[in-house]
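Step one of this worksheet: look at the structure below.
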Amino acid sequence: MNASPTHNSAQRTLAQVVEYYDTHPINEDQIRAAVQASGIPWESLTAEMLQRHDQDHFGGLEANDLLIAGAGIRQTDHVLDVCSGLGGPARYLARRVGCRVTGLDLTASRHESAQRLTAAVGLDDRVTFHLGSALEMPFPDATFDVVMGQEAWCHVPDKPRLIAECARVVKPGGVIAFTDILRRETLSDADQARLAIEMTFPTLESLDGYRDLLEANDCVVEHRDDLSALWTRILVDRLAMYRGLGDHTERKFGSGRKAGWDQAYSFFVGLYQAGRLGGGRFVARRRTPQT
C-alpha cells in the first residue's frame with residue numbers, strides 16, 4: 001500500500017485533478033454535440049437516449065450492470081457515487097434500478113454539468129449531486145447502503161483516507177463496490193512520476209493493496225476481480241475514440257491540450273499493453289457490530 005501524502009501535497013494534487021477535468025475531452029459540450037449529431041432534439045432527450053453518450057468509464061453500460069449485480073443494489077437503497085463526474089453512472093443506476101443516488105465530485109465544472117444533464121432528463125428527483133472532496137465527505141456516519149466508484153479513485157492522493165471515508169459513510173452491512181486503475185509490480189518510479197503529471201494519478205493501489213485497505217477498515221472483501229486483460233483491449237479502442245474527438249478538444253481547449261492529451265493517453269494505454277498497469281473490480285461489505 002502507498003503511504004499517505006502530507007495535507008499540502010494532497011491539496012496540490014486535488015487542484016491539479018480539477019484542472020485536468022476542466023479541460024477533459026469528454027465534457028458537457030461534447031455530449032450535447034453528440035446528441036445533436038444523432039438527430040435527437042435536446043428538448044426530447046430521455047435518460048435512455050443520454051446514456052448512449054454520457055458513460056465516461058471503461059466498459060460502458062455493461063460495466064455498470066456488473067457493478068450493480070456485484071453490489072446487489074436494490075430499489076430501496078441509497079447509493080453514493082464517489083467521484084461522480086458528469087453523473088452518467090448515477091443516472092443509469094437511478095433509471096435502471098429505481099434507487100436514490102447521491103453523487104460527490106470535487107470539480108465544479110463536472111458538478112454543474114451533472115446537475116444540468118440530470119435535470120434535462122427528469123431524474124433530479126432521484127439523483128442529487130454534492131460538490132466536495134472524497135477525503136472529507138460531507139455526510140454523517142452510516143448514511144448510505146452502497147458506496148460505489150468507477151475508475152476515478154486513481155486521482156485521489158490519499159487512498160487509506162479515501163477507503164476510511166467510504167467505510168465511515170456506508171451503513172454496517174452495507175457494500176463498497178468499485179473499479180479502479182491499478183499498478184502492477186512492473187510499474188517503475190519513472191512511469192508513476194509521468195502518470196502523476198500527465199494523468200493526475202498521484203499514487204496507484206494494487207489488487208492486494210485495496211484488499212488490505214478494505215480489510216483494515218472493517219470490511220469483508222467478497223469479490224476481487226482482475227480486469228487487466230479486458231481493460232487493455234478496451235483502452236486501445238478508447239484511444240481511437242479520443243483521437244476522434246480531437247477537433248472538438250482543439251476548438252474548446254486549444255491545440256496544445258489536444259496534443260498533450262494524445263501524448264498522455266498514448267503513454268497510459270502503452271503501459272497496459274506492456275503489462276505495467278492493470279484494473280480491478282472490488283465488492284466489500286462493512287461488518288455489522290457483534291451482538
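As shown in the C-alpha cells, the chain order sets the letters A, B, ...; within each chain, residues go from 1, and ligands are also counted from 1 in the order they appear.
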Neighbours of region 177-180 of chain A within 10 Å (only C-alpha atoms; same-chain residues fewer than 4 positions away dropped), as a VMD selection string?
-> chain A and resid 57 to 58 63 67 to 68 70 to 72 81 to 82 146 to 155 204 to 207 210 221 to 227 278 to 285
Run DSSP on the backbone of this structure and report the residues of region 85-245 of chain A it assigns to strand (DSSP E), as number ranges by chain.
-> A: 100-105, 127-131, 144-150, 170-183, 219-226
Near His111 (chain A), counting only C-alpha atoms, which residues have an atom at most 7 Å away, once you skip same-chain residues fewer than 6 positions from it, shown as a PyMOL selection string?
-> chain A and resi 85-86+105+129+131
Would you export the selected residues with C-alpha atoms as a PDB file, in the first residue's frame, please?
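Saved as result_36.pdb:
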ATOM      1  CA  GLY A  85     -18.063  13.288 -12.647  1.00  0.00           C
ATOM      2  CA  LEU A  86     -20.716  14.117 -15.220  1.00  0.00           C
ATOM      3  CA  ASP A 105     -17.294  15.264  -7.019  1.00  0.00           C
ATOM      4  CA  PHE A 129     -25.000  15.931  -6.521  1.00  0.00           C
ATOM      5  CA  LEU A 131     -19.539  19.406  -4.556  1.00  0.00           C
TER       6      LEU A 131
END
Which residues come within 9 Å of Gln30 (chain A), counting only C-alpha atoms, excluding same-chain residues fewer than 3 positions away, as a PyMOL selection string?
-> chain A and resi 25-27+33-35+245+248-249
Those residues with N, CA and C atoms, as a short mmCIF file (atom, residue, chain, number, x, y, z; two decimals), in the first residue's frame please?
data_model
loop_
_atom_site.label_atom_id
_atom_site.label_comp_id
_atom_site.auth_asym_id
_atom_site.auth_seq_id
_atom_site.Cartn_x
_atom_site.Cartn_y
_atom_site.Cartn_z
N PRO A 25 -11.45 15.95 -22.65
CA PRO A 25 -12.12 15.85 -23.96
C PRO A 25 -13.59 15.46 -23.88
N ILE A 26 -13.97 14.66 -22.90
CA ILE A 26 -15.38 14.34 -22.69
C ILE A 26 -15.94 15.33 -21.68
N ASN A 27 -16.88 16.14 -22.13
CA ASN A 27 -17.44 17.20 -21.31
C ASN A 27 -18.87 17.46 -21.75
N ALA A 33 -23.09 17.99 -28.29
CA ALA A 33 -22.81 17.89 -29.72
C ALA A 33 -23.09 16.48 -30.24
N ALA A 34 -22.74 15.46 -29.44
CA ALA A 34 -23.00 14.08 -29.85
C ALA A 34 -24.50 13.80 -29.93
N VAL A 35 -25.27 14.33 -28.98
CA VAL A 35 -26.72 14.17 -29.02
C VAL A 35 -27.30 14.84 -30.26
N LEU A 245 -12.23 12.62 -31.15
CA LEU A 245 -12.73 13.85 -30.54
C LEU A 245 -11.72 14.98 -30.63
N HIS A 248 -12.88 18.56 -31.66
CA HIS A 248 -13.68 19.22 -30.61
C HIS A 248 -12.77 19.68 -29.48
N THR A 249 -11.82 18.83 -29.08
CA THR A 249 -10.90 19.19 -28.00
C THR A 249 -10.09 20.42 -28.37
#
In Å, how far is it from CA of Arg95 (chain A) to CA of Pro41 (chain A)?
->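 Calculated distance between CA of Arg95 (chain A) and CA of Pro41 (chain A) is 20.4 Å.
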Any idea what the distance is between CA of Arg184 (chain A) and CA of Ala264 (chain A)?
->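 Separating CA of Arg184 (chain A) from CA of Ala264 (chain A) is a distance of 18.9 Å.
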